[in-house]
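Below: input.cif (mmCIF, C-alpha atoms)
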data_run
#
loop_
_atom_site.label_atom_id
_atom_site.label_comp_id
_atom_site.auth_asym_id
_atom_site.auth_seq_id
_atom_site.Cartn_x
_atom_site.Cartn_y
_atom_site.Cartn_z
CA MET A 1300 -121.83 -67.20 48.74
CA SER A 1301 -119.89 -70.46 49.25
CA GLY A 1302 -120.79 -73.11 46.68
CA ALA A 1303 -122.71 -70.63 44.51
CA ARG A 1304 -122.30 -70.35 40.75
CA ILE A 1305 -122.25 -66.87 39.25
CA HIS A 1306 -122.76 -66.28 35.53
CA VAL A 1307 -120.85 -63.35 34.07
CA ASP A 1308 -119.66 -62.05 30.73
CA LEU A 1309 -116.11 -61.58 32.02
CA ALA A 1310 -114.16 -63.12 34.89
CA VAL A 1311 -110.96 -61.26 35.71
CA VAL A 1312 -108.41 -63.27 37.69
CA GLY A 1313 -106.16 -60.72 39.38
CA GLY A 1314 -106.90 -57.25 40.74
CA GLY A 1315 -103.74 -55.41 39.76
CA SER A 1316 -103.47 -52.49 37.37
CA GLY A 1317 -104.19 -54.51 34.23
CA GLY A 1318 -107.06 -56.51 35.71
CA LEU A 1319 -108.73 -53.46 37.20
CA ALA A 1320 -108.40 -51.44 34.01
CA ALA A 1321 -109.94 -54.27 31.99
CA ALA A 1322 -112.78 -54.77 34.49
CA PHE A 1323 -113.71 -51.09 34.50
CA ARG A 1324 -113.57 -50.83 30.70
CA ALA A 1325 -115.65 -53.99 30.20
CA ALA A 1326 -118.27 -52.76 32.68
CA ASN A 1327 -118.34 -49.44 30.88
CA HIS A 1328 -119.21 -51.37 27.72
CA GLY A 1329 -122.13 -52.99 29.54
CA ALA A 1330 -120.55 -56.35 30.41
CA ARG A 1331 -121.32 -58.22 33.63
CA VAL A 1332 -117.94 -58.52 35.35
CA ALA A 1333 -116.51 -60.40 38.32
CA LEU A 1334 -113.04 -59.66 39.70
CA LEU A 1335 -111.06 -62.18 41.75
CA GLU A 1336 -108.33 -60.82 44.02
CA PRO A 1337 -107.38 -62.41 47.35
CA GLY A 1338 -105.04 -59.60 48.36
CA GLU A 1339 -105.12 -55.83 48.30
CA LEU A 1340 -106.40 -54.19 45.14
CA GLY A 1341 -103.82 -52.62 42.87
CA GLY A 1342 -101.37 -55.50 42.64
CA THR A 1343 -97.63 -54.99 42.67
CA CYS A 1344 -97.72 -51.41 41.41
CA VAL A 1345 -99.89 -49.95 44.15
CA ASN A 1346 -98.76 -52.11 47.06
CA VAL A 1347 -95.11 -53.11 46.62
CA GLY A 1348 -94.02 -51.43 43.42
CA CYS A 1349 -94.39 -48.16 41.52
CA VAL A 1350 -96.44 -46.21 44.05
CA PRO A 1351 -94.62 -46.89 47.33
CA LYS A 1352 -91.30 -46.84 45.47
CA LYS A 1353 -92.01 -43.36 44.09
CA ALA A 1354 -93.07 -42.19 47.56
CA MET A 1355 -89.71 -43.26 48.95
CA TRP A 1356 -87.93 -41.82 45.90
CA LEU A 1357 -89.58 -38.45 46.46
CA ALA A 1358 -88.47 -38.47 50.10
CA ALA A 1359 -84.90 -39.29 49.11
CA ASP A 1360 -84.97 -36.57 46.43
CA LEU A 1361 -86.28 -34.07 48.97
CA GLY A 1362 -83.43 -34.95 51.30
CA ALA A 1363 -80.91 -34.31 48.52
CA ARG A 1364 -82.51 -30.93 47.81
CA ILE A 1365 -82.23 -29.96 51.45
CA GLY A 1366 -78.49 -30.53 51.04
CA LEU A 1367 -78.48 -28.33 47.94
CA ALA A 1368 -80.41 -25.67 49.84
CA GLN A 1369 -77.67 -25.52 52.46
CA ALA A 1370 -75.05 -25.06 49.74
CA LEU A 1371 -77.04 -22.09 48.44
CA GLY A 1372 -77.14 -20.38 51.82
CA PHE A 1373 -80.35 -21.61 53.38
CA PRO A 1374 -79.95 -22.11 57.16
CA VAL A 1375 -80.92 -25.80 57.11
CA GLU A 1376 -79.05 -28.91 58.17
CA PRO A 1377 -79.18 -32.13 56.12
CA ALA A 1378 -80.98 -34.86 58.01
CA CYS A 1379 -82.63 -38.24 57.50
CA PRO A 1380 -86.41 -38.49 57.81
CA ASP A 1381 -88.17 -40.29 60.62
CA TRP A 1382 -88.78 -43.66 58.96
CA GLU A 1383 -92.04 -44.37 60.78
CA THR A 1384 -93.54 -41.02 59.78
CA LEU A 1385 -92.44 -41.51 56.17
CA VAL A 1386 -93.92 -45.01 55.99
CA ALA A 1387 -97.16 -43.87 57.64
CA SER A 1388 -97.56 -41.13 55.00
CA ARG A 1389 -96.84 -43.62 52.24
CA GLN A 1390 -99.34 -46.16 53.52
CA ARG A 1391 -102.02 -43.53 54.04
CA TYR A 1392 -101.66 -42.56 50.40
CA ILE A 1393 -101.97 -46.21 49.34
CA ALA A 1394 -105.02 -46.72 51.57
CA ASN A 1395 -106.73 -43.88 49.74
CA ILE A 1396 -106.06 -45.65 46.43
CA HIS A 1397 -107.58 -48.87 47.82
CA ALA A 1398 -110.67 -46.96 48.93
CA SER A 1399 -110.99 -45.32 45.51
CA TYR A 1400 -110.83 -48.71 43.78
CA ARG A 1401 -113.49 -50.20 46.06
CA LYS A 1402 -115.78 -47.25 45.41
CA ARG A 1403 -115.32 -47.49 41.65
CA LEU A 1404 -115.99 -51.24 41.66
CA ASP A 1405 -119.23 -50.69 43.55
CA GLU A 1406 -120.31 -47.86 41.25
CA ALA A 1407 -119.55 -49.97 38.17
CA GLY A 1408 -121.51 -52.95 39.50
CA ILE A 1409 -118.47 -55.23 39.37
CA VAL A 1410 -118.64 -58.28 41.63
CA ARG A 1411 -115.48 -58.45 43.74
CA LEU A 1412 -114.48 -61.82 45.14
CA PRO A 1413 -111.60 -61.88 47.68
CA ALA A 1414 -110.53 -65.34 46.49
CA ARG A 1415 -108.04 -67.12 44.29
CA GLY A 1416 -109.29 -68.58 41.02
CA ARG A 1417 -108.40 -71.70 39.09
CA LEU A 1418 -109.41 -72.51 35.52
CA ALA A 1419 -111.54 -75.64 35.27
CA GLY A 1420 -112.27 -75.64 31.52
CA ASP A 1421 -115.37 -74.70 29.49
CA GLY A 1422 -115.40 -71.14 30.83
CA LEU A 1423 -115.51 -72.22 34.47
CA VAL A 1424 -113.39 -70.58 37.17
CA GLU A 1425 -113.33 -72.25 40.57
CA CYS A 1426 -112.58 -70.05 43.57
CA ASP A 1427 -110.81 -71.28 46.69
CA ASP A 1428 -113.84 -70.21 48.77
CA GLY A 1429 -116.09 -72.61 46.87
CA THR A 1430 -117.68 -70.07 44.55
CA GLN A 1431 -117.81 -70.93 40.85
CA LEU A 1432 -117.83 -68.43 38.01
CA GLN A 1433 -119.27 -69.37 34.63
CA ALA A 1434 -117.81 -66.81 32.25
CA ALA A 1435 -118.11 -66.19 28.53
CA HIS A 1436 -114.63 -64.64 28.64
CA ILE A 1437 -111.76 -65.01 31.12
CA LEU A 1438 -108.87 -62.62 31.63
CA LEU A 1439 -105.70 -63.67 33.46
CA ALA A 1440 -103.92 -60.71 35.07
CA THR A 1441 -102.08 -62.24 38.02
CA GLY A 1442 -98.85 -60.28 37.65
CA GLY A 1443 -95.43 -61.39 38.86
CA SER A 1444 -93.42 -61.85 42.04
CA PRO A 1445 -89.76 -61.62 43.12
CA VAL A 1446 -87.35 -64.48 42.45
CA ARG A 1447 -84.73 -65.43 45.02
CA PRO A 1448 -81.45 -67.07 43.97
CA ASP A 1449 -80.94 -70.73 44.84
CA ILE A 1450 -78.08 -70.31 47.32
CA PRO A 1451 -77.44 -71.32 50.93
CA GLY A 1452 -78.73 -68.84 53.47
CA VAL A 1453 -81.03 -67.09 51.02
CA GLU A 1454 -83.64 -66.75 53.80
CA LEU A 1455 -81.32 -64.24 55.52
CA GLY A 1456 -82.02 -61.71 52.78
CA ILE A 1457 -85.17 -59.83 51.86
CA ASP A 1458 -86.60 -59.17 48.42
CA SER A 1459 -88.13 -55.99 47.03
CA ASP A 1460 -91.42 -56.80 48.77
CA GLY A 1461 -89.52 -57.04 52.04
CA PHE A 1462 -88.04 -53.61 51.52
CA PHE A 1463 -91.49 -52.08 51.89
CA ALA A 1464 -91.97 -53.93 55.16
CA LEU A 1465 -88.87 -52.40 56.80
CA SER A 1466 -89.74 -50.62 60.03
CA ALA A 1467 -86.48 -48.66 60.18
CA ALA A 1468 -83.65 -47.64 57.89
CA PRO A 1469 -80.77 -50.14 58.05
CA ARG A 1470 -77.39 -48.46 58.46
CA ARG A 1471 -75.43 -50.60 55.99
CA VAL A 1472 -77.14 -52.29 53.04
CA ALA A 1473 -76.07 -54.75 50.34
CA ILE A 1474 -78.23 -54.95 47.23
CA ILE A 1475 -77.78 -57.93 44.93
CA GLY A 1476 -78.67 -57.25 41.29
CA GLY A 1477 -78.08 -54.50 38.75
CA GLY A 1478 -81.52 -54.33 37.13
CA TYR A 1479 -83.99 -51.53 37.54
CA ILE A 1480 -85.21 -52.68 40.96
CA GLY A 1481 -81.72 -52.92 42.40
CA VAL A 1482 -80.72 -49.55 40.95
CA GLU A 1483 -83.86 -47.83 42.20
CA LEU A 1484 -83.58 -49.23 45.72
CA ALA A 1485 -79.89 -48.32 45.86
CA GLY A 1486 -80.62 -44.67 45.12
CA VAL A 1487 -83.57 -44.52 47.50
CA MET A 1488 -81.74 -46.05 50.43
CA GLN A 1489 -78.57 -44.03 49.91
CA GLY A 1490 -80.70 -40.89 49.75
CA LEU A 1491 -82.44 -41.81 52.99
CA GLY A 1492 -79.19 -42.11 54.91
CA CYS A 1493 -78.14 -45.73 54.40
CA GLN A 1494 -74.67 -46.79 53.30
CA VAL A 1495 -75.31 -48.81 50.14
CA GLU A 1496 -73.21 -51.29 48.19
CA LEU A 1497 -74.53 -52.75 44.95
CA PHE A 1498 -73.30 -56.17 43.82
CA VAL A 1499 -73.74 -57.00 40.13
CA ARG A 1500 -72.93 -60.20 38.26
CA GLY A 1501 -72.30 -58.43 34.94
CA ASP A 1502 -69.98 -55.60 34.00
CA SER A 1503 -72.55 -52.79 34.09
CA LEU A 1504 -75.99 -51.84 35.34
CA LEU A 1505 -79.30 -51.93 33.49
CA LYS A 1506 -78.85 -54.32 30.60
CA GLY A 1507 -81.09 -53.25 27.74
CA PHE A 1508 -80.56 -49.54 28.25
CA ASP A 1509 -78.12 -47.49 26.18
CA PRO A 1510 -74.58 -48.01 27.54
CA ASP A 1511 -73.68 -44.32 27.26
CA VAL A 1512 -76.40 -43.10 29.59
CA VAL A 1513 -75.88 -46.09 31.89
CA GLU A 1514 -72.20 -45.20 32.22
CA ARG A 1515 -73.17 -41.63 33.11
CA LEU A 1516 -75.62 -42.92 35.74
CA GLN A 1517 -72.94 -45.15 37.24
CA GLY A 1518 -70.70 -42.11 37.59
CA ASN A 1519 -73.45 -40.19 39.35
CA MET A 1520 -74.17 -43.11 41.68
CA HIS A 1521 -70.48 -43.37 42.57
CA GLN A 1522 -70.40 -39.63 43.19
CA SER A 1523 -73.33 -39.98 45.61
CA GLY A 1524 -71.43 -42.56 47.67
CA ILE A 1525 -72.89 -45.85 46.39
CA ALA A 1526 -70.24 -48.56 46.04
CA LEU A 1527 -70.61 -50.56 42.81
CA HIS A 1528 -69.15 -54.07 42.59
CA PHE A 1529 -69.19 -55.60 39.11
CA GLY A 1530 -68.35 -59.16 38.12
CA TYR A 1531 -69.59 -60.37 41.50
CA SER A 1532 -70.90 -63.91 41.87
CA LEU A 1533 -72.79 -64.46 45.12
CA ALA A 1534 -72.39 -67.99 46.51
CA ALA A 1535 -74.14 -67.76 49.88
CA LEU A 1536 -75.51 -65.56 52.64
CA GLU A 1537 -74.24 -66.22 56.13
CA ALA A 1538 -75.23 -65.03 59.58
CA GLY A 1539 -72.91 -62.39 60.95
CA GLY A 1540 -71.57 -64.59 63.75
CA ASP A 1541 -70.91 -62.76 67.00
CA SER A 1542 -72.25 -59.57 65.47
CA ASP A 1543 -75.68 -58.99 64.04
CA GLY A 1544 -76.20 -58.79 60.32
CA VAL A 1545 -75.59 -60.85 57.21
CA ARG A 1546 -72.36 -61.56 55.36
CA LEU A 1547 -72.01 -62.10 51.62
CA ARG A 1548 -69.83 -64.98 50.50
CA GLU A 1549 -68.51 -64.66 46.98
CA ARG A 1550 -67.85 -67.73 44.87
CA ASP A 1551 -64.22 -68.75 45.47
CA GLY A 1552 -63.88 -65.87 47.90
CA ASP A 1553 -64.09 -64.81 51.51
CA ALA A 1554 -67.09 -63.39 53.32
CA GLY A 1555 -66.88 -59.66 53.91
CA GLU A 1556 -68.03 -57.49 56.79
CA PRO A 1557 -71.67 -58.00 57.84
CA PHE A 1558 -74.47 -55.86 56.46
CA ASP A 1559 -77.51 -54.78 58.45
CA ALA A 1560 -79.73 -55.82 55.53
CA VAL A 1561 -79.28 -57.70 52.26
CA ILE A 1562 -81.83 -57.01 49.53
CA LEU A 1563 -82.17 -59.56 46.74
CA ALA A 1564 -83.16 -57.76 43.53
CA THR A 1565 -82.57 -60.78 41.33
CA GLY A 1566 -85.52 -60.70 38.96
CA ARG A 1567 -89.21 -61.53 38.86
CA ARG A 1568 -91.32 -64.34 37.46
CA PRO A 1569 -94.95 -64.55 36.27
CA ASN A 1570 -97.55 -65.74 38.79
CA THR A 1571 -98.89 -68.74 36.89
CA ASP A 1572 -98.65 -71.52 39.48
CA GLY A 1573 -101.97 -73.04 40.50
CA LEU A 1574 -104.03 -71.34 37.79
CA GLY A 1575 -105.06 -74.56 36.06
CA LEU A 1576 -103.55 -73.40 32.79
CA GLU A 1577 -102.69 -76.83 31.45
CA ALA A 1578 -106.18 -78.20 32.06
CA ALA A 1579 -107.67 -75.21 30.27
CA GLY A 1580 -105.34 -75.53 27.29
CA VAL A 1581 -103.41 -72.30 27.94
CA ARG A 1582 -99.89 -72.56 26.56
CA VAL A 1583 -97.09 -71.46 28.89
CA ALA A 1584 -93.47 -70.76 27.92
CA ASP A 1585 -90.53 -72.41 29.65
CA ASP A 1586 -90.00 -69.37 31.87
CA GLY A 1587 -93.59 -69.53 33.14
CA ARG A 1588 -95.08 -66.65 31.16
CA ILE A 1589 -98.41 -67.06 29.41
CA GLU A 1590 -98.02 -66.89 25.64
CA VAL A 1591 -100.30 -64.38 23.93
CA ASP A 1592 -100.68 -62.96 20.44
CA GLY A 1593 -100.85 -59.28 19.52
CA PHE A 1594 -104.47 -59.15 20.67
CA GLN A 1595 -103.74 -60.62 24.15
CA SER A 1596 -105.39 -63.94 23.23
CA THR A 1597 -103.93 -67.15 24.67
CA SER A 1598 -103.94 -70.55 22.97
CA ALA A 1599 -107.34 -71.28 24.58
CA GLU A 1600 -110.57 -69.88 23.18
CA GLN A 1601 -112.02 -66.89 25.05
CA ILE A 1602 -109.10 -66.78 27.53
CA TYR A 1603 -106.79 -63.76 27.50
CA ALA A 1604 -103.84 -62.46 29.49
CA VAL A 1605 -102.37 -59.00 30.10
CA GLY A 1606 -99.51 -57.46 32.02
CA ASP A 1607 -96.52 -59.01 33.75
CA VAL A 1608 -97.95 -62.53 33.58
CA THR A 1609 -97.24 -62.45 29.82
CA GLY A 1610 -93.60 -61.44 30.33
CA ARG A 1611 -93.82 -58.95 27.47
CA LEU A 1612 -93.22 -55.48 28.93
CA ALA A 1613 -93.38 -55.37 32.72
CA LEU A 1614 -94.75 -51.84 32.93
CA THR A 1615 -97.97 -50.76 34.65
CA PRO A 1616 -99.13 -48.44 31.84
CA VAL A 1617 -98.63 -51.27 29.34
CA ALA A 1618 -100.82 -53.63 31.39
CA ILE A 1619 -103.48 -50.92 31.68
CA ALA A 1620 -103.42 -50.22 27.95
CA GLU A 1621 -103.57 -53.93 27.12
CA GLY A 1622 -106.56 -54.45 29.40
CA ARG A 1623 -108.49 -51.49 28.04
CA ARG A 1624 -107.86 -52.19 24.37
CA LEU A 1625 -108.69 -55.86 24.84
CA MET A 1626 -112.06 -54.97 26.33
CA ASP A 1627 -112.69 -52.49 23.50
CA ARG A 1628 -112.19 -55.43 21.14
CA VAL A 1629 -114.21 -58.02 23.08
CA PHE A 1630 -117.11 -55.85 24.26
CA GLY A 1631 -116.73 -52.49 22.55
CA GLY A 1632 -117.20 -53.37 18.91
CA GLU A 1633 -113.61 -52.58 17.89
CA PRO A 1634 -112.32 -55.82 16.30
CA GLY A 1635 -108.90 -54.39 15.51
CA ALA A 1636 -108.21 -52.88 18.93
CA CYS A 1637 -104.78 -53.78 20.30
CA VAL A 1638 -101.73 -52.14 21.85
CA ASP A 1639 -98.76 -51.03 19.78
CA HIS A 1640 -95.80 -52.20 21.85
CA GLY A 1641 -93.31 -50.20 19.81
CA ASN A 1642 -91.74 -47.00 21.13
CA VAL A 1643 -93.01 -47.49 24.67
CA PRO A 1644 -91.24 -45.01 26.98
CA THR A 1645 -89.90 -46.26 30.27
CA VAL A 1646 -88.06 -44.70 33.19
CA VAL A 1647 -85.81 -46.11 35.90
CA PHE A 1648 -86.33 -44.04 39.04
CA SER A 1649 -82.68 -43.94 39.91
CA HIS A 1650 -81.07 -40.83 41.38
CA PRO A 1651 -81.10 -39.08 38.98
CA PRO A 1652 -83.75 -40.82 36.84
CA LEU A 1653 -82.86 -42.56 33.59
CA GLY A 1654 -85.28 -43.11 30.72
CA ARG A 1655 -85.55 -44.35 27.17
CA VAL A 1656 -87.97 -44.48 24.28
CA GLY A 1657 -87.27 -46.34 21.06
CA LEU A 1658 -84.05 -48.05 20.03
CA THR A 1659 -80.60 -48.01 21.58
CA GLU A 1660 -77.68 -47.19 19.31
CA ALA A 1661 -76.77 -50.88 19.01
CA GLU A 1662 -80.37 -51.88 18.20
CA ALA A 1663 -80.62 -49.17 15.56
CA ARG A 1664 -77.37 -50.20 13.88
CA GLU A 1665 -78.49 -53.83 13.82
CA ARG A 1666 -81.86 -52.94 12.30
CA PHE A 1667 -80.89 -50.23 9.82
CA GLY A 1668 -77.17 -50.79 9.25
CA GLY A 1669 -74.29 -48.86 10.75
CA ASP A 1670 -73.99 -46.27 7.97
CA ALA A 1671 -77.62 -45.21 8.33
CA VAL A 1672 -77.34 -44.35 12.04
CA SER A 1673 -76.12 -41.13 13.61
CA CYS A 1674 -76.03 -40.27 17.31
CA HIS A 1675 -76.26 -36.85 18.91
CA ARG A 1676 -75.45 -36.35 22.58
CA THR A 1677 -74.76 -33.76 25.22
CA THR A 1678 -73.51 -33.88 28.81
CA PHE A 1679 -74.07 -31.01 31.21
CA ARG A 1680 -74.72 -30.06 34.82
CA PRO A 1681 -78.28 -28.94 35.62
CA MET A 1682 -78.31 -25.34 36.80
CA LEU A 1683 -79.23 -26.13 40.42
CA HIS A 1684 -76.37 -28.59 40.76
CA ALA A 1685 -73.96 -26.19 39.11
CA LEU A 1686 -74.99 -23.41 41.51
CA ALA A 1687 -74.45 -25.73 44.48
CA ASP A 1688 -71.22 -27.04 42.88
CA VAL A 1689 -72.43 -30.65 43.04
CA GLN A 1690 -70.83 -33.01 40.54
CA GLN A 1691 -73.99 -34.60 39.18
CA HIS A 1692 -74.28 -34.57 35.42
CA SER A 1693 -77.09 -35.12 32.96
CA MET A 1694 -76.67 -36.80 29.59
CA PHE A 1695 -79.12 -36.75 26.68
CA LYS A 1696 -78.67 -38.84 23.54
CA ALA A 1697 -80.69 -39.08 20.34
CA VAL A 1698 -80.33 -42.00 17.94
CA CYS A 1699 -81.26 -41.03 14.38
CA VAL A 1700 -81.68 -42.89 11.09
CA GLY A 1701 -81.33 -41.87 7.45
CA GLU A 1702 -80.57 -38.61 5.71
CA GLU A 1703 -83.63 -37.05 7.30
CA LYS A 1704 -82.29 -38.07 10.73
CA ARG A 1705 -85.56 -39.50 12.00
CA VAL A 1706 -85.28 -39.92 15.77
CA VAL A 1707 -85.70 -43.64 16.51
CA GLY A 1708 -84.33 -43.54 20.04
CA LEU A 1709 -84.05 -41.01 22.83
CA HIS A 1710 -82.09 -41.74 26.00
CA LEU A 1711 -81.93 -39.45 29.02
CA VAL A 1712 -80.30 -39.49 32.42
CA GLY A 1713 -80.48 -36.54 34.74
CA GLU A 1714 -82.68 -34.32 36.83
CA ALA A 1715 -86.32 -34.32 35.60
CA ALA A 1716 -85.55 -36.87 32.88
CA ASP A 1717 -88.71 -38.74 33.88
CA GLU A 1718 -90.94 -35.71 33.29
CA ILE A 1719 -89.10 -34.55 30.17
CA LEU A 1720 -89.28 -37.91 28.41
CA GLN A 1721 -93.08 -38.20 28.39
CA GLY A 1722 -93.55 -35.28 26.02
CA PHE A 1723 -90.67 -36.17 23.74
CA ALA A 1724 -91.93 -39.76 23.56
CA VAL A 1725 -94.95 -38.39 21.67
CA ALA A 1726 -92.62 -36.80 19.13
CA VAL A 1727 -90.65 -40.03 18.68
CA LYS A 1728 -93.88 -42.02 18.31
CA MET A 1729 -95.01 -39.58 15.58
CA GLY A 1730 -91.75 -39.95 13.64
CA ALA A 1731 -90.10 -36.62 14.43
CA THR A 1732 -86.74 -35.79 12.90
CA LEU A 1733 -83.80 -33.99 14.44
CA ALA A 1734 -84.75 -31.01 12.25
CA ASP A 1735 -88.18 -31.00 13.92
CA PHE A 1736 -86.42 -30.78 17.27
CA HIS A 1737 -84.24 -27.93 15.99
CA ALA A 1738 -87.29 -26.09 14.65
CA THR A 1739 -88.80 -26.02 18.14
CA VAL A 1740 -87.80 -22.93 20.10
CA ALA A 1741 -86.05 -23.81 23.35
CA ILE A 1742 -87.44 -22.98 26.78
CA HIS A 1743 -84.53 -21.31 28.55
CA PRO A 1744 -83.01 -21.98 31.01
CA THR A 1745 -84.12 -25.61 31.40
CA SER A 1746 -82.58 -29.03 31.11
CA ALA A 1747 -85.22 -30.01 28.54
CA GLU A 1748 -83.98 -27.40 26.06
CA GLU A 1749 -80.80 -29.44 25.62
CA ILE A 1750 -82.81 -31.96 23.57
CA VAL A 1751 -83.93 -29.44 20.95
CA LEU A 1752 -80.37 -28.09 20.81
CA LEU A 1753 -78.73 -31.46 20.13
CA ARG A 1754 -76.23 -31.35 17.27
#

Rewrite the structure of this file - the entire thing - as structure tokens.
Amino acid sequence: MSGARIHVDLAVVGGGSGGLAAAFRAANHGARVALLEPGELGGTCVNVGCVPKKAMWLAADLGARIGLAQALGFPVEPACPDWETLVASRQRYIANIHASYRKRLDEAGIVRLPARGRLAGDGLVECDDGTQLQAAHILLATGGSPVRPDIPGVELGIDSDGFFALSAAPRRVAIIGGGYIGVELAGVMQGLGCQVELFVRGDSLLKGFDPDVVERLQGNMHQSGIALHFGYSLAALEAGGDSDGVRLRERDGDAGEPFDAVILATGRRPNTDGLGLEAAGVRVADDGRIEVDGFQSTSAEQIYAVGDVTGRLALTPVAIAEGRRLMDRVFGGEPGACVDHGNVPTVVFSHPPLGRVGLTEAEARERFGGDAVSCHRTTFRPMLHALADVQQHSMFKAVCVGEEKRVVGLHLVGEAADEILQGFAVAVKMGATLADFHATVAIHPTSAEEIVLLR
């Protein structure tokens, strides 16, 4: 097909969650679609993000439950899994997802090109294999990638992508960064038998989440054996010298004992390099993200962008929703179709998980005024942990506004918080009040009932 020109209604550059969702929806509306993806289908989420992360999280959680089983009298011994077997199971699951995508693309009649694309203006996309796409509409869905700090010896560390390439569990691990990736990897690796230390530049984890639930999570992480170092400024990575491993050198400080692995969880950036954005008239912000309006349109006619490449909300379900609603607008006869980015629930798969929907207490006070805001919280031990006498606590917090106490924020940390939040997010989205929560009969005994019992 080298040198050929293909005419389509839609060219999708990027085969991650957002690009695939848009391609399938457009094809369902009858559009002729071509999808450009040089790597594995599914993007970050399927290959080096949500899916493999959750697989490892589940394994770590299972290991913790084996420990709880022993405390309750089961004749089992805590143990670490065989890393190769675990990884093989994880990759087999991902391979099935790849196969499902390929089958769906074929069934939908979507042309898949394993190539990189570059905008050449006037609806033309040039592929690195010589193919040209002439498209009435172009969607950019190229996602993001890890950022490494600009320090000496940075090549001695691995990023979050490198974590999924590990062939064995390192004994002693340093994780640099206190965002959601660093927190998630810390819990996973500690749960799989590693000795983990987390180094954070700020004074707490997870900026942007409610400080009360973050503080509770930090207590749980400390209880599980993870060492937390706040106010840490990394200056360099150094080879371990006579011993194997990597040392951290702090700014104005000494290098400590070597670690078997150093994971750099220091942020992500949009994949916009080499896309030909400037030539096509697509405006890009200083941080590299593609600027879009509320309908996912860029500054260039008939060119759109969804997902992490826009820097808006780096969540797979958001990218999927953006892609689908955009195609409903462009090809489905729904001119007003767009995504409401308010009250989007999100979960950090820490151990235990932490989630939020809506506003934090500080955000609510800034928006509505301090006198209008009331907060309602509870801290407790889930029944299983209480039975096993494990000091892991859950904390639930509702942020309410006005005399009617409309719930504008819900913040959870604890066992099953990820599953609990999805249902309550619907209630928050619909404008539920604390009285609505109280009017709902509790399911007892559960952790979830603590939300409808908040006072």

Could you pull the residues within 8 Å of segment 1484-1501 of chain A, counting only C-alpha atoms, minus those fewer than 6 positions along the same chain, as a VMD selection string? chain A and resid 1355 to 1356 1358 to 1360 1362 to 1363 1379 to 1380 1468 to 1477 1520 1523 to 1532 1649 to 1650

Go ahead and write the selection's residues with C-alpha atoms as a PDB file, in the frame of the given file.
ATOM      1  CA  MET A1355     -89.710 -43.260  48.950  1.00  0.00           C
ATOM      2  CA  TRP A1356     -87.930 -41.820  45.900  1.00  0.00           C
ATOM      3  CA  ALA A1358     -88.470 -38.470  50.100  1.00  0.00           C
ATOM      4  CA  ALA A1359     -84.900 -39.290  49.110  1.00  0.00           C
ATOM      5  CA  ASP A1360     -84.970 -36.570  46.430  1.00  0.00           C
ATOM      6  CA  GLY A1362     -83.430 -34.950  51.300  1.00  0.00           C
ATOM      7  CA  ALA A1363     -80.910 -34.310  48.520  1.00  0.00           C
ATOM      8  CA  CYS A1379     -82.630 -38.240  57.500  1.00  0.00           C
ATOM      9  CA  PRO A1380     -86.410 -38.490  57.810  1.00  0.00           C
ATOM     10  CA  ALA A1468     -83.650 -47.640  57.890  1.00  0.00           C
ATOM     11  CA  PRO A1469     -80.770 -50.140  58.050  1.00  0.00           C
ATOM     12  CA  ARG A1470     -77.390 -48.460  58.460  1.00  0.00           C
ATOM     13  CA  ARG A1471     -75.430 -50.600  55.990  1.00  0.00           C
ATOM     14  CA  VAL A1472     -77.140 -52.290  53.040  1.00  0.00           C
ATOM     15  CA  ALA A1473     -76.070 -54.750  50.340  1.00  0.00           C
ATOM     16  CA  ILE A1474     -78.230 -54.950  47.230  1.00  0.00           C
ATOM     17  CA  ILE A1475     -77.780 -57.930  44.930  1.00  0.00           C
ATOM     18  CA  GLY A1476     -78.670 -57.250  41.290  1.00  0.00           C
ATOM     19  CA  GLY A1477     -78.080 -54.500  38.750  1.00  0.00           C
ATOM     20  CA  MET A1520     -74.170 -43.110  41.680  1.00  0.00           C
ATOM     21  CA  SER A1523     -73.330 -39.980  45.610  1.00  0.00           C
ATOM     22  CA  GLY A1524     -71.430 -42.560  47.670  1.00  0.00           C
ATOM     23  CA  ILE A1525     -72.890 -45.850  46.390  1.00  0.00           C
ATOM     24  CA  ALA A1526     -70.240 -48.560  46.040  1.00  0.00           C
ATOM     25  CA  LEU A1527     -70.610 -50.560  42.810  1.00  0.00           C
ATOM     26  CA  HIS A1528     -69.150 -54.070  42.590  1.00  0.00           C
ATOM     27  CA  PHE A1529     -69.190 -55.600  39.110  1.00  0.00           C
ATOM     28  CA  GLY A1530     -68.350 -59.160  38.120  1.00  0.00           C
ATOM     29  CA  TYR A1531     -69.590 -60.370  41.500  1.00  0.00           C
ATOM     30  CA  SER A1532     -70.900 -63.910  41.870  1.00  0.00           C
ATOM     31  CA  SER A1649     -82.680 -43.940  39.910  1.00  0.00           C
ATOM     32  CA  HIS A1650     -81.070 -40.830  41.380  1.00  0.00           C
TER      33      HIS A1650
END

Got a sec to resolve the PyMOL selection byres ((chain A and resi 1635-1644) around 10) on this structure and send the residues as number ranges by chain? A: 1593-1595, 1611-1612, 1614, 1616-1618, 1620-1629, 1631-1634, 1645-1646, 1654-1658, 1707-1710, 1717, 1720-1721, 1723-1725, 1727-1729

If we count all atoms listed in the file, what is near Phe1463 of chain A at a cut-off of 9 Å, once residues fewer than 6 positions away on the same chain are taken out, given as a count of residues only? 6

Suppose a student applies the PyMOL selection byres ((chain A and resi 1387) around 12) to this structure; what residues should they get, written as a VMD selection string? chain A and resid 1351 1354 to 1355 1381 to 1386 1388 to 1394 1463 to 1467

Target residues per the PyMOL selection byres ((chain A and resi 1507) around 10), formatted as a PyMOL selection string: chain A and resi 1478+1504-1506+1508-1510+1513+1655+1658-1659+1662
